[in-house]
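Visitor: As input, take input-v9.txt (compact mmCIF, C-alpha atoms):
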# COMPACT_ATOMS: atom_id res chain seq x y z
CA ALA A 1 13.05 -27.94 45.04
CA GLN A 2 14.07 -24.89 43.08
CA SER A 3 12.19 -21.65 42.47
CA VAL A 4 12.87 -18.20 41.15
CA THR A 5 11.13 -14.91 41.86
CA GLN A 6 11.68 -11.93 39.64
CA LEU A 7 10.62 -9.03 41.77
CA ASP A 8 9.55 -6.68 38.97
CA SER A 9 7.40 -7.64 36.02
CA HIS A 10 8.23 -4.39 34.23
CA VAL A 11 11.15 -1.96 34.52
CA SER A 12 11.39 1.31 32.60
CA VAL A 13 14.61 3.30 32.26
CA SER A 14 15.94 6.10 30.12
CA GLU A 15 18.76 5.50 27.68
CA GLY A 16 22.11 6.01 29.39
CA THR A 17 20.82 5.33 32.93
CA PRO A 18 21.60 2.23 35.00
CA VAL A 19 19.57 -0.96 34.80
CA LEU A 20 18.69 -3.16 37.78
CA LEU A 21 16.60 -6.30 37.35
CA ARG A 22 16.01 -8.14 40.59
CA CYS A 23 15.94 -11.89 41.14
CA ASN A 24 15.65 -14.04 44.26
CA TYR A 25 16.05 -17.79 44.16
CA SER A 26 15.46 -20.84 46.28
CA SER A 27 17.29 -24.12 45.86
CA SER A 28 17.64 -27.28 47.93
CA TYR A 29 21.04 -27.89 46.38
CA SER A 30 23.96 -25.73 45.39
CA PRO A 31 22.55 -23.83 42.40
CA SER A 32 23.68 -22.68 39.03
CA LEU A 33 22.08 -19.39 38.07
CA PHE A 34 21.59 -17.81 34.69
CA TRP A 35 20.13 -14.75 33.05
CA TYR A 36 18.61 -15.06 29.60
CA VAL A 37 17.23 -12.36 27.32
CA GLN A 38 14.44 -12.76 24.79
CA HIS A 39 13.78 -10.21 22.08
CA PRO A 40 10.32 -10.22 20.43
CA ASN A 41 9.67 -13.34 18.37
CA LYS A 42 13.13 -14.68 19.12
CA GLY A 43 14.55 -17.52 21.16
CA LEU A 44 16.41 -17.12 24.42
CA GLN A 45 19.97 -15.83 24.50
CA LEU A 46 22.28 -16.55 27.42
CA LEU A 47 23.53 -13.32 29.00
CA LEU A 48 25.61 -14.76 31.83
CA LYS A 49 25.93 -17.67 34.24
CA TYR A 50 27.00 -18.35 37.79
CA THR A 51 28.30 -21.83 38.51
CA SER A 52 30.02 -21.52 41.93
CA ALA A 53 33.14 -19.73 40.78
CA ALA A 54 33.42 -15.92 41.17
CA THR A 55 30.35 -14.34 42.74
CA LEU A 56 30.48 -11.32 40.42
CA VAL A 57 29.75 -12.55 36.94
CA LYS A 58 30.28 -10.56 33.78
CA GLY A 59 28.19 -11.29 30.71
CA ILE A 60 27.66 -10.06 27.22
CA ASN A 61 26.64 -6.53 26.21
CA GLY A 62 27.91 -4.96 29.44
CA PHE A 63 25.61 -6.86 31.79
CA GLU A 64 26.78 -8.32 35.07
CA ALA A 65 25.23 -10.04 38.07
CA GLU A 66 26.28 -10.70 41.63
CA PHE A 67 25.51 -13.94 43.45
CA LYS A 68 24.69 -13.23 47.10
CA LYS A 69 24.12 -16.46 48.98
CA SER A 70 23.13 -14.76 52.24
CA GLU A 71 20.39 -12.84 50.44
CA THR A 72 19.58 -15.64 47.94
CA SER A 73 19.72 -13.01 45.22
CA PHE A 74 21.18 -12.78 41.74
CA HIS A 75 20.36 -9.29 40.50
CA LEU A 76 21.25 -8.23 36.95
CA THR A 77 22.79 -4.81 36.37
CA LYS A 78 24.14 -2.67 33.56
CA PRO A 79 25.71 0.76 34.08
CA SER A 80 24.16 2.42 31.04
CA ALA A 81 21.06 1.26 29.18
CA HIS A 82 20.88 1.20 25.41
CA MET A 83 17.75 1.20 23.30
CA SER A 84 18.67 -2.25 22.02
CA ASP A 85 18.45 -3.61 25.60
CA ALA A 86 14.65 -3.41 25.48
CA ALA A 87 13.52 -7.03 25.79
CA GLU A 88 12.27 -9.60 28.28
CA TYR A 89 14.76 -10.95 30.79
CA PHE A 90 14.55 -14.27 32.59
CA CYS A 91 16.34 -15.32 35.74
CA VAL A 92 16.88 -19.08 35.80
CA VAL A 93 18.04 -21.56 38.44
CA ARG A 94 19.16 -25.14 38.17
CA ALA A 95 20.28 -27.37 41.03
CA ASN A 96 23.75 -28.84 40.62
CA GLN A 97 22.39 -32.34 40.54
CA ALA A 98 22.18 -34.69 37.58
CA GLY A 99 19.03 -34.54 35.51
CA THR A 100 17.55 -31.35 36.90
CA ALA A 101 15.65 -28.90 34.73
CA LEU A 102 16.05 -25.18 34.29
CA ILE A 103 13.48 -23.34 36.40
CA PHE A 104 12.50 -19.97 34.96
CA GLY A 105 11.25 -16.84 36.62
CA LYS A 106 8.17 -15.14 35.19
CA GLY A 107 10.31 -12.59 33.37
CA THR A 108 10.93 -8.86 33.57
CA THR A 109 10.14 -6.66 30.61
CA LEU A 110 12.71 -3.90 30.24
CA SER A 111 11.62 -0.75 28.40
CA VAL A 112 14.19 1.85 27.39
CA SER A 113 13.13 5.35 26.41
CA SER A 114 15.19 7.94 24.58
CA LYS B 1 29.41 -23.22 14.78
CA ALA B 2 25.74 -23.52 13.90
CA GLY B 3 23.25 -22.94 16.69
CA VAL B 4 20.22 -24.92 17.73
CA THR B 5 17.85 -25.41 14.81
CA GLN B 6 14.15 -25.97 15.28
CA THR B 7 11.75 -26.88 12.50
CA PRO B 8 9.23 -25.83 11.51
CA ARG B 9 9.21 -22.24 12.79
CA TYR B 10 5.44 -21.89 12.54
CA LEU B 11 2.67 -24.45 12.55
CA ILE B 12 -1.12 -24.27 12.51
CA LYS B 13 -3.04 -27.39 13.47
CA THR B 14 -6.62 -28.29 14.20
CA ARG B 15 -7.89 -29.59 17.53
CA GLY B 16 -7.56 -33.35 17.76
CA GLN B 17 -4.64 -33.58 15.33
CA GLN B 18 -1.13 -34.51 16.30
CA VAL B 19 2.10 -32.66 15.64
CA THR B 20 5.81 -33.43 15.61
CA LEU B 21 8.45 -30.78 16.23
CA SER B 22 12.11 -31.23 15.47
CA CYS B 23 15.27 -29.95 17.11
CA SER B 24 18.87 -30.25 15.94
CA PRO B 25 21.28 -29.38 18.75
CA ILE B 26 24.64 -27.68 18.47
CA SER B 27 27.18 -30.07 17.01
CA GLY B 28 28.74 -32.14 19.79
CA HIS B 29 26.01 -31.41 22.32
CA ARG B 30 24.41 -34.51 23.78
CA SER B 31 21.70 -33.06 25.99
CA VAL B 32 18.46 -31.70 24.58
CA SER B 33 15.59 -30.27 26.59
CA TRP B 34 12.19 -28.89 25.62
CA TYR B 35 10.20 -26.03 27.09
CA GLN B 36 6.74 -24.62 26.50
CA GLN B 37 6.26 -20.86 26.65
CA THR B 38 2.82 -19.29 27.02
CA PRO B 39 1.78 -15.81 28.18
CA GLY B 40 -0.13 -17.23 31.14
CA GLN B 41 2.24 -19.93 32.41
CA GLY B 42 5.58 -18.57 31.26
CA LEU B 43 8.34 -21.06 30.48
CA GLN B 44 7.68 -24.59 31.64
CA PHE B 45 9.93 -27.63 31.38
CA LEU B 46 8.67 -30.51 29.26
CA PHE B 47 11.48 -33.08 29.20
CA GLU B 48 15.22 -33.60 28.86
CA TYR B 49 17.16 -36.19 26.94
CA PHE B 50 20.78 -37.18 27.25
CA SER B 51 22.35 -39.80 25.01
CA GLU B 52 18.92 -41.00 23.84
CA THR B 53 17.60 -41.48 27.39
CA GLN B 54 14.92 -39.35 28.97
CA ARG B 55 16.49 -37.96 32.14
CA ASN B 56 13.69 -35.81 33.44
CA LYS B 57 10.08 -35.04 32.65
CA GLY B 58 7.96 -32.07 33.57
CA ASN B 59 4.37 -32.01 34.72
CA PHE B 60 2.62 -32.40 31.38
CA PRO B 61 0.03 -34.97 30.29
CA GLY B 62 1.02 -38.10 28.45
CA ARG B 63 -0.07 -36.50 25.16
CA PHE B 64 3.32 -34.84 25.19
CA SER B 65 6.16 -37.18 24.33
CA GLY B 66 9.64 -36.97 22.92
CA ARG B 67 12.64 -38.90 21.84
CA GLN B 68 16.27 -38.42 20.98
CA PHE B 69 18.16 -40.11 18.20
CA SER B 70 21.72 -41.40 18.13
CA ASN B 71 22.89 -38.19 16.39
CA SER B 72 21.40 -36.20 19.33
CA ARG B 73 18.61 -34.74 17.22
CA SER B 74 15.33 -34.71 19.11
CA GLU B 75 11.66 -34.69 18.31
CA MET B 76 8.67 -33.94 20.45
CA ASN B 77 5.19 -35.09 19.65
CA VAL B 78 1.87 -33.79 20.88
CA SER B 79 -1.17 -35.95 20.20
CA THR B 80 -4.85 -35.02 20.34
CA LEU B 81 -4.11 -31.32 20.24
CA GLU B 82 -6.09 -28.94 22.42
CA LEU B 83 -6.50 -25.19 22.07
CA GLY B 84 -4.41 -24.75 25.22
CA ASP B 85 -1.43 -26.37 23.51
CA SER B 86 -0.96 -23.20 21.47
CA ALA B 87 2.45 -21.95 22.54
CA LEU B 88 6.03 -21.30 21.59
CA TYR B 89 7.98 -24.55 21.98
CA LEU B 90 11.64 -24.03 22.67
CA CYS B 91 14.42 -26.56 22.41
CA ALA B 92 17.74 -26.15 24.19
CA SER B 93 20.98 -28.05 23.88
CA SER B 94 23.83 -28.49 26.34
CA ALA B 95 27.23 -30.07 25.89
CA ILE B 96 26.64 -32.35 28.85
CA GLU B 97 24.06 -32.45 31.57
CA ASN B 98 23.82 -29.47 33.92
CA THR B 99 25.84 -27.03 31.85
CA GLU B 100 24.45 -23.88 30.29
CA ALA B 101 21.72 -24.38 27.72
CA PHE B 102 21.57 -22.77 24.31
CA PHE B 103 18.14 -22.22 22.85
CA GLY B 104 16.73 -22.39 19.37
CA GLN B 105 14.35 -19.83 17.88
CA GLY B 106 11.37 -21.97 18.77
CA THR B 107 8.37 -23.38 16.97
CA ARG B 108 5.21 -21.32 17.24
CA LEU B 109 2.28 -23.78 17.36
CA THR B 110 -1.23 -22.48 16.92
CA VAL B 111 -4.14 -24.85 17.49
CA VAL B 112 -7.46 -23.78 15.99
Just dump the structure as C-alpha cells.
Guide:
Amino acid sequence: AQSVTQLDSHVSVSEGTPVLLRCNYSSSYSPSLFWYVQHPNKGLQLLLKYTSAATLVKGINGFEAEFKKSETSFHLTKPSAHMSDAAEYFCVVRANQAGTALIFGKGTTLSVSS
Amino acid sequence: KAGVTQTPRYLIKTRGQQVTLSCSPISGHRSVSWYQQTPGQGLQFLFEYFSETQRNKGNFPGRFSGRQFSNSRSEMNVSTLELGDSALYLCASSAIENTEAFFGQGTRLTVV
C-alpha cells in the first residue's frame, strides 16, 4: 500500500526567503513521486516528478525536490519565494506497478508575505 | 497542444438527480483517471481507464460510475445525488499507464 504524509498543513514565508515543504511517503513497491500545485479555483499543475532516475529533481518555477530513500522523504524546496508561489501544494506517490492510482497527501498551504 | 478539458465547469443539481461529467484528455493520451476533491477528505481516487477498460477503482459506492470511449474521452456519472457528493471533480490524463498525470480545471458540482 502507498501513503503520503505532508508534515505541515500551513507554511508561511516572506518574499525572497527559502521555501521548504516536507513530505514523507510509504510504498510497498518502488515509487514514483510528484509534487503538484493548485492555485485557488484551478486544477492541479505538475511541478516536478521523481521516477527512479536522479534523486535531485528540478521542476518548474525554480522548485526542486530530493528523493531520500533512507528517510522515505521527498521534500520540496525553492531558494527564494515569490508572491505568486502562494498556493496549495500536494505531494503524491504512485507505486511503479500497472494500474495503481495516485495517492495524494492532505496538502500544504503556502502563504507568502511581502 | 491543448490540455485536459472538463465540461461543464460548474453544475448545480438537486438531491436524488443524476449527473454526467465529461473529460477530454490531451491528444494522444490513452489513460484517464478521475478524482474527487473535498475540504474534508482531500483528493480521493475514483477510477482509472486505459484503452476503454477500467483498470482500477477507488473506494466509492456504486452510484459512481464511468466509462471511456474509443477516442479516449471519458465520462463519469453519479446517480441518486447526495449532499455529500458536492465536490470538485478532477480528471487527469496520462500518455500511458503509470506516467505523470495532467489535470483539467475540474467540474465544481454542488448538490442542493
Visitor: Considering all atoms listed in the file, return as a list of chain:residue names whatever protein or nucleic-acid residues lie within 12 Å of Gly40 of chain B, sequence-local ones (same chain, fewer than 2 positions apart) excluded.
Guide: A:Lys106, A:Gly107, B:Gln36, B:Gln37, B:Thr38, B:Gly42, B:Leu43, B:Gln44, B:Gly84, B:Asp85, B:Ser86, B:Ala87
Visitor: Grab the atom CA of Ala92 of chain B to atom CA of Ala81 of chain A distance for me, in Å with one decimal place.
Guide: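 Atom CA of Ala92 of chain B sits 28.1 Å away from atom CA of Ala81 of chain A.
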Visitor: Please provide the set of residues having any atom within 6 Å of segment 47-55 of chain A, restricted to all atoms listed in the file, with same-chain residues fewer than 4 positions apart removed, written as a ChimeraX atom specification.
Guide: /A:32-36,59-60,66-67
Visitor: For the contact check between chain B and chain A, emit one row per residue of chain B within 8 Å, containing the shortest atom pair and the distance in Å rounded to one decimal, counting all atoms listed in the file, chain then rising number order, as a Markdown table.
Guide:
| residue | atom | partner | partner_atom | distance |
| --- | --- | --- | --- | --- |
| B:Gly42 | CA | A:Lys106 | CA | 5.8 |
| B:Leu43 | CA | A:Phe104 | CA | 6.2 |
| B:Gln44 | CA | A:Phe104 | CA | 7.5 |
| B:Phe45 | CA | A:Ala101 | CA | 6.7 |
| B:Glu48 | CA | A:Ala101 | CA | 7.5 |
| B:Arg55 | CA | A:Gly99 | CA | 5.4 |
| B:Asn56 | CA | A:Gly99 | CA | 5.9 |
| B:Leu90 | CA | A:Gly43 | CA | 7.3 |
| B:Glu97 | CA | A:Ala98 | CA | 6.7 |
| B:Asn98 | CA | A:Ala98 | CA | 6.6 |
| B:Glu100 | CA | A:Lys49 | CA | 7.5 |
| B:Ala101 | CA | A:Leu46 | CA | 7.9 |
| B:Phe102 | CA | A:Leu46 | CA | 7.0 |
| B:Phe103 | CA | A:Leu44 | CA | 5.6 |
| B:Gly104 | CA | A:Gly43 | CA | 5.6 |
| B:Gln105 | CA | A:Gly43 | CA | 4.0 |
| B:Gly106 | CA | A:Gly43 | CA | 6.0 |
Visitor: Can you measure atom CA of Leu76 of chain A to atom CA of Gly58 of chain B for me? One decimal in Å is fine.
Guide: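 Separation of atom CA of Leu76 of chain A and atom CA of Gly58 of chain B: 27.5 Å.
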Visitor: Given the choices B:Arg15, B:Ser72, B:Ile26, B:Thr20, which gets closest to Ala2 of chain B if the distance is worked out from all atoms listed in the file?
Guide: B:Ile26
Visitor: In Å, with one decimal, what is the gap from atom CA of Gly28 of chain B to atom CA of Lys57 of chain B?
Guide: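 Between atom CA of Gly28 of chain B and atom CA of Lys57 of chain B the gap works out to 22.8 Å.
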Visitor: Residues within 10 Å of Ser26 of chain A, please, as a PyMOL selection string. Count only C-alpha atoms; anything in the same chain fewer than 3 positions from it doesn't count.
Guide: chain A and resi 1-5+29-31+72-73+93-95
Visitor: Deliver the residues from the most recent selection as a file, using C-alpha atoms, as a PDB file, keeping the file's coordinate frame.
Guide:
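What follows is the written file out19.pdb:
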ATOM      1  CA  ALA A   1      13.050 -27.940  45.040  1.00  0.00           C
ATOM      2  CA  GLN A   2      14.070 -24.890  43.080  1.00  0.00           C
ATOM      3  CA  SER A   3      12.190 -21.650  42.470  1.00  0.00           C
ATOM      4  CA  VAL A   4      12.870 -18.200  41.150  1.00  0.00           C
ATOM      5  CA  THR A   5      11.130 -14.910  41.860  1.00  0.00           C
ATOM      6  CA  TYR A  29      21.040 -27.890  46.380  1.00  0.00           C
ATOM      7  CA  SER A  30      23.960 -25.730  45.390  1.00  0.00           C
ATOM      8  CA  PRO A  31      22.550 -23.830  42.400  1.00  0.00           C
ATOM      9  CA  THR A  72      19.580 -15.640  47.940  1.00  0.00           C
ATOM     10  CA  SER A  73      19.720 -13.010  45.220  1.00  0.00           C
ATOM     11  CA  VAL A  93      18.040 -21.560  38.440  1.00  0.00           C
ATOM     12  CA  ARG A  94      19.160 -25.140  38.170  1.00  0.00           C
ATOM     13  CA  ALA A  95      20.280 -27.370  41.030  1.00  0.00           C
TER      14      ALA A  95
END
Visitor: Show me the residues around (11.4, -36.8, 22.3) - criterion: an atom at most 10 Å away, all atoms listed in the file counted - as a PyMOL selection string.
Guide: chain B and resi 20-23+32-34+46-49+52-54+64-69+73-77
